[in-house]
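*Asks:* Before anything else, here's the structure in question.
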Amino acid sequence: MPEQPSAPSADLAFALELADLADSISLPRFRAADLRVDTKPDRTFVTDADRAVEDALRGRIEAELPDDGFFGEESGREDKGARRWILDPIDGTSNFLRGVPNWATLIALEVDGVQTVGVVSAPGFGMRWWAEIGGGAWGQEVGKDPRQLHVSGVSDLEHASLSFQSIEQWRLAGYLDSLLALEQATWRDRAYGDMWSYMLLAEGLVDIVAEFDVKAYDLAALVPIVTEAGGRFTDIEGNESAWNGSSLATNGRLHDAVIATVAAARK
């Protein structure tokens, strides 16, 4: 018999409800002819769907859990105590506005600095992934049963599949030589992009994911899913934080070798 998830905690159940709400707003706006797109001061894009999703989810959190803090890409941060909901209403906005289905709503709960719950809902793919600490990582396609996720067993770089997100990220961060060294050391390299790279890692289909110029709302929901699938998630130097502006996620077996390869190329 296939493994089945246990009953969710109250926090995970709430996060999944938030994901349902997000999908009900974002999916009807996907490929909409009247989608409104604006440019933010940092020259990134934001759509009416980004704002509508975040407003709705933040409103639900504030109504039902008024003592919890919040950090969202579009409306900012409000700290209230040990608990904080971290939200990216549409991760992959550039994909969303071009009609590419690689986008998702990212929902995380952080307690005392630890990401304890993560939900990634990608209605354009008809997929959702989730995890809570101690409960395993799970994925579900629309109309199918949930399945437990496990990272790969690849143990050496020469057989590893790498997703590096974008060359520009690495170049601007001053790590282009490190990217080239990783490309030469690994079996295969691709830039699947955004949350999907990490979900492929959790499913055992990719072995290494790394990127730069990322915020906590880009990463927090991914951390529990990767780690509960058996992987490891740090910044590019090996520090276990989603707040340091870079990320390195692996199947665990490859983590130290990747850090060593990146560091050696910078000397």
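Every chain in the structure tokens has a letter given in the order shown (A, B, ...), and although residue numbers restart at 1 in each chain, ligands are simply numbered from 1 in the order shown.
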For range 216-229 of chain A, list every protein, DNA or RNA residue within 8 Å, evaluated using only C-alpha atoms, and leave out those in the same chain fewer than 6 positions away; present the list as a PDB file with N, CA and C atoms, in the first residue's frame.
*Replies:*
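Generated output (result-v3.pdb):
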ATOM      1  N   PHE A  71       5.149  38.227   6.946  1.00  0.00           N
ATOM      2  CA  PHE A  71       6.120  38.805   6.013  1.00  0.00           C
ATOM      3  C   PHE A  71       5.735  38.372   4.615  1.00  0.00           C
ATOM      4  N   GLY A  72       5.355  39.339   3.786  1.00  0.00           N
ATOM      5  CA  GLY A  72       4.942  39.047   2.425  1.00  0.00           C
ATOM      6  C   GLY A  72       5.702  39.895   1.431  1.00  0.00           C
ATOM      7  N   GLU A  73       5.850  39.386   0.224  1.00  0.00           N
ATOM      8  CA  GLU A  73       6.623  40.108  -0.788  1.00  0.00           C
ATOM      9  C   GLU A  73       6.018  41.461  -1.111  1.00  0.00           C
ATOM     10  N   ILE A  86       5.111  33.528   6.371  1.00  0.00           N
ATOM     11  CA  ILE A  86       5.943  34.091   5.315  1.00  0.00           C
ATOM     12  C   ILE A  86       5.332  33.685   3.979  1.00  0.00           C
ATOM     13  N   LEU A  87       5.082  34.665   3.120  1.00  0.00           N
ATOM     14  CA  LEU A  87       4.253  34.427   1.941  1.00  0.00           C
ATOM     15  C   LEU A  87       4.843  35.069   0.691  1.00  0.00           C
ATOM     16  N   ASP A  88       4.891  34.288  -0.372  1.00  0.00           N
ATOM     17  CA  ASP A  88       5.120  34.820  -1.724  1.00  0.00           C
ATOM     18  C   ASP A  88       3.854  34.511  -2.507  1.00  0.00           C
ATOM     19  N   ASP A  91       5.186  33.138  -6.761  1.00  0.00           N
ATOM     20  CA  ASP A  91       6.598  32.932  -7.036  1.00  0.00           C
ATOM     21  C   ASP A  91       6.721  32.580  -8.518  1.00  0.00           C
ATOM     22  N   LEU A 106       3.630  30.434  -2.374  1.00  0.00           N
ATOM     23  CA  LEU A 106       4.471  29.842  -1.338  1.00  0.00           C
ATOM     24  C   LEU A 106       4.000  30.320   0.029  1.00  0.00           C
ATOM     25  N   ILE A 107       3.711  29.383   0.909  1.00  0.00           N
ATOM     26  CA  ILE A 107       3.184  29.687   2.233  1.00  0.00           C
ATOM     27  C   ILE A 107       4.020  28.953   3.267  1.00  0.00           C
ATOM     28  N   ALA A 108       4.574  29.693   4.233  1.00  0.00           N
ATOM     29  CA  ALA A 108       5.387  29.070   5.280  1.00  0.00           C
ATOM     30  C   ALA A 108       4.991  29.617   6.637  1.00  0.00           C
ATOM     31  N   LEU A 109       5.164  28.789   7.644  1.00  0.00           N
ATOM     32  CA  LEU A 109       5.072  29.232   9.034  1.00  0.00           C
ATOM     33  C   LEU A 109       6.446  29.067   9.656  1.00  0.00           C
ATOM     34  N   GLU A 110       6.948  30.154  10.230  1.00  0.00           N
ATOM     35  CA  GLU A 110       8.236  30.136  10.922  1.00  0.00           C
ATOM     36  C   GLU A 110       7.983  30.350  12.406  1.00  0.00           C
ATOM     37  N   GLN A 115      11.552  27.230  10.072  1.00  0.00           N
ATOM     38  CA  GLN A 115      10.422  27.026   9.168  1.00  0.00           C
ATOM     39  C   GLN A 115       9.801  25.653   9.467  1.00  0.00           C
ATOM     40  N   THR A 116       8.601  25.655  10.035  1.00  0.00           N
ATOM     41  CA  THR A 116       7.979  24.424  10.504  1.00  0.00           C
ATOM     42  C   THR A 116       6.938  23.866   9.545  1.00  0.00           C
ATOM     43  N   VAL A 117       6.359  24.709   8.723  1.00  0.00           N
ATOM     44  CA  VAL A 117       5.327  24.310   7.757  1.00  0.00           C
ATOM     45  C   VAL A 117       5.642  24.968   6.424  1.00  0.00           C
ATOM     46  N   GLY A 118       5.503  24.226   5.349  1.00  0.00           N
ATOM     47  CA  GLY A 118       5.671  24.794   4.019  1.00  0.00           C
ATOM     48  C   GLY A 118       4.660  24.221   3.049  1.00  0.00           C
ATOM     49  N   VAL A 119       4.042  25.090   2.262  1.00  0.00           N
ATOM     50  CA  VAL A 119       3.105  24.675   1.219  1.00  0.00           C
ATOM     51  C   VAL A 119       3.471  25.409  -0.068  1.00  0.00           C
ATOM     52  N   VAL A 120       3.568  24.661  -1.151  1.00  0.00           N
ATOM     53  CA  VAL A 120       3.812  25.206  -2.484  1.00  0.00           C
ATOM     54  C   VAL A 120       2.647  24.757  -3.358  1.00  0.00           C
ATOM     55  N   TRP A 129       2.606  20.756  -3.224  1.00  0.00           N
ATOM     56  CA  TRP A 129       3.563  20.062  -2.362  1.00  0.00           C
ATOM     57  C   TRP A 129       3.470  20.668  -0.974  1.00  0.00           C
ATOM     58  N   TRP A 130       3.698  19.865   0.068  1.00  0.00           N
ATOM     59  CA  TRP A 130       3.638  20.402   1.424  1.00  0.00           C
ATOM     60  C   TRP A 130       4.449  19.535   2.376  1.00  0.00           C
ATOM     61  N   ALA A 131       4.743  20.134   3.534  1.00  0.00           N
ATOM     62  CA  ALA A 131       5.454  19.408   4.585  1.00  0.00           C
ATOM     63  C   ALA A 131       5.291  20.155   5.895  1.00  0.00           C
ATOM     64  N   GLU A 132       5.366  19.407   6.985  1.00  0.00           N
ATOM     65  CA  GLU A 132       5.560  19.992   8.299  1.00  0.00           C
ATOM     66  C   GLU A 132       6.600  19.155   9.021  1.00  0.00           C
ATOM     67  N   ILE A 133       7.342  19.777   9.898  1.00  0.00           N
ATOM     68  CA  ILE A 133       8.448  19.107  10.554  1.00  0.00           C
ATOM     69  C   ILE A 133       7.946  17.855  11.273  1.00  0.00           C
ATOM     70  N   GLY A 134       8.569  16.730  10.951  1.00  0.00           N
ATOM     71  CA  GLY A 134       8.199  15.459  11.561  1.00  0.00           C
ATOM     72  C   GLY A 134       7.111  14.704  10.833  1.00  0.00           C
ATOM     73  N   GLY A 135       6.528  15.307   9.789  1.00  0.00           N
ATOM     74  CA  GLY A 135       5.407  14.671   9.098  1.00  0.00           C
ATOM     75  C   GLY A 135       5.711  14.211   7.691  1.00  0.00           C
ATOM     76  N   GLY A 136       6.958  14.330   7.255  1.00  0.00           N
ATOM     77  CA  GLY A 136       7.295  13.957   5.891  1.00  0.00           C
ATOM     78  C   GLY A 136       6.921  15.036   4.898  1.00  0.00           C
ATOM     79  N   ALA A 137       7.378  14.857   3.668  1.00  0.00           N
ATOM     80  CA  ALA A 137       7.057  15.776   2.570  1.00  0.00           C
ATOM     81  C   ALA A 137       6.165  15.050   1.581  1.00  0.00           C
ATOM     82  N   TRP A 138       5.208  15.782   1.011  1.00  0.00           N
ATOM     83  CA  TRP A 138       4.181  15.164   0.180  1.00  0.00           C
ATOM     84  C   TRP A 138       3.921  15.990  -1.068  1.00  0.00           C
ATOM     85  N   GLN A 148       4.371  10.364  -0.959  1.00  0.00           N
ATOM     86  CA  GLN A 148       5.469  10.866  -0.150  1.00  0.00           C
ATOM     87  C   GLN A 148       6.694  11.113  -1.020  1.00  0.00           C
ATOM     88  N   LEU A 149       7.421  12.181  -0.692  1.00  0.00           N
ATOM     89  CA  LEU A 149       8.567  12.595  -1.481  1.00  0.00           C
ATOM     90  C   LEU A 149       9.867  12.157  -0.811  1.00  0.00           C
ATOM     91  N   HIS A 150      10.837  11.770  -1.641  1.00  0.00           N
ATOM     92  CA  HIS A 150      12.154  11.378  -1.159  1.00  0.00           C
ATOM     93  C   HIS A 150      13.202  11.899  -2.135  1.00  0.00           C
ATOM     94  N   VAL A 151      14.255  12.498  -1.589  1.00  0.00           N
ATOM     95  CA  VAL A 151      15.342  12.958  -2.444  1.00  0.00           C
ATOM     96  C   VAL A 151      16.085  11.761  -3.027  1.00  0.00           C
ATOM     97  N   MET A 195      10.405  27.928  -7.849  1.00  0.00           N
ATOM     98  CA  MET A 195      10.121  26.870  -6.874  1.00  0.00           C
ATOM     99  C   MET A 195      10.243  25.471  -7.474  1.00  0.00           C
ATOM    100  N   TYR A 198      13.291  23.228  -6.747  1.00  0.00           N
ATOM    101  CA  TYR A 198      13.330  22.648  -5.404  1.00  0.00           C
ATOM    102  C   TYR A 198      12.345  21.491  -5.258  1.00  0.00           C
ATOM    103  N   MET A 199      11.207  21.606  -5.914  1.00  0.00           N
ATOM    104  CA  MET A 199      10.254  20.509  -5.845  1.00  0.00           C
ATOM    105  C   MET A 199      10.769  19.291  -6.609  1.00  0.00           C
ATOM    106  N   LEU A 201      13.861  18.567  -6.799  1.00  0.00           N
ATOM    107  CA  LEU A 201      14.840  18.025  -5.859  1.00  0.00           C
ATOM    108  C   LEU A 201      14.160  17.153  -4.813  1.00  0.00           C
ATOM    109  N   ALA A 202      13.072  17.653  -4.227  1.00  0.00           N
ATOM    110  CA  ALA A 202      12.357  16.885  -3.198  1.00  0.00           C
ATOM    111  C   ALA A 202      11.791  15.587  -3.759  1.00  0.00           C
ATOM    112  N   GLU A 203      11.477  15.584  -5.053  1.00  0.00           N
ATOM    113  CA  GLU A 203      10.945  14.384  -5.690  1.00  0.00           C
ATOM    114  C   GLU A 203      12.038  13.416  -6.134  1.00  0.00           C
ATOM    115  N   ALA A 242      17.273  30.896   5.871  1.00  0.00           N
ATOM    116  CA  ALA A 242      16.579  31.323   4.656  1.00  0.00           C
ATOM    117  C   ALA A 242      16.648  32.831   4.481  1.00  0.00           C
ATOM    118  N   TRP A 243      17.444  33.508   5.315  1.00  0.00           N
ATOM    119  CA  TRP A 243      17.448  34.968   5.355  1.00  0.00           C
ATOM    120  C   TRP A 243      18.756  35.582   4.876  1.00  0.00           C
ATOM    121  N   GLY A 245      20.140  35.586   1.673  1.00  0.00           N
ATOM    122  CA  GLY A 245      20.238  36.080   0.304  1.00  0.00           C
ATOM    123  C   GLY A 245      20.724  35.090  -0.726  1.00  0.00           C
ATOM    124  N   SER A 247      20.880  30.492  -1.609  1.00  0.00           N
ATOM    125  CA  SER A 247      20.363  29.188  -1.200  1.00  0.00           C
ATOM    126  C   SER A 247      21.167  28.076  -1.830  1.00  0.00           C
ATOM    127  N   ALA A 249      20.314  23.883  -1.935  1.00  0.00           N
ATOM    128  CA  ALA A 249      19.522  22.718  -1.538  1.00  0.00           C
ATOM    129  C   ALA A 249      20.061  21.507  -2.283  1.00  0.00           C
TER     130      ALA A 249
END
*Asks:* If you run DSSP on the backbone here, which positions in range 56-222 of chain A get strand (DSSP E)? Please write them as a ChimeraX atom specification.
*Replies:* /A:69-72,76-78,83-91,104-111,114-122,127-132,137-141,147-148,161-163,188-190,208-212
*Asks:* Please measure the separation of CA of Asp20 in chain A and CA of Asp48 in chain A, giving the value in Å to one decimal.
*Replies:*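 Separation of CA of Asp20 in chain A and CA of Asp48 in chain A: 18.1 Å.
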*Asks:* Which neighbours of Glu158 in chain A fall inside 9 Å, counting only C-alpha atoms, when residues of the same chain fewer than 2 positions from it are skipped, and could you give them as a PDB file with C-alpha atoms, in the first residue's frame?
*Replies:*
ATOM      1  CA  SER A 155      26.314  10.368  -3.886  1.00  0.00           C
ATOM      2  CA  ASP A 156      28.905  11.851  -6.238  1.00  0.00           C
ATOM      3  CA  ALA A 160      24.426  14.668 -10.187  1.00  0.00           C
ATOM      4  CA  SER A 161      21.827  16.862 -11.882  1.00  0.00           C
ATOM      5  CA  GLN A 184      32.072  20.823 -15.138  1.00  0.00           C
ATOM      6  CA  ALA A 185      31.851  18.607 -12.057  1.00  0.00           C
ATOM      7  CA  THR A 186      28.257  17.429 -12.526  1.00  0.00           C
ATOM      8  CA  TRP A 187      26.524  15.154 -15.000  1.00  0.00           C
ATOM      9  CA  ARG A 188      23.812  17.534 -16.174  1.00  0.00           C
TER      10      ARG A 188
END
*Asks:* I need the residue nearest Gly69 in chain A from this list: A:Val53, A:Val111, A:Val262, A:Leu97. Use only C-alpha atoms for the distance.
*Replies:*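 Among the listed residues, A:Val111 lies closest to Gly69 in chain A.
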*Asks:* Run DSSP on the backbone and grab whatever in range 129-220 of chain A lands in helix (DSSP H, G or I); send it over as a PyMOL selection string.
*Replies:* chain A and resi 157-159+167-172+176-185+194-202+216-219
*Asks:* Applying 12 Å and only C-alpha atoms, which residues near range 31-40 of chain A remain after dropping the ones on its own chain fewer than 5 positions away? List them as a PyMOL selection string.
*Replies:* chain A and resi 25-26+45-52+73-74+93-101+124
*Asks:* So the first atom is CA of Ala264 in chain A and the second is CA of Ser246 in chain A; what is the distance between them in Å, to one decimal place?
*Replies:* 17.6 Å
*Asks:* Which one is closest to Val258 in chain A: A:Ala181, A:Arg190, A:Ala7, A:Ser241? Count only C-alpha atoms.
*Replies:* A:Ala181
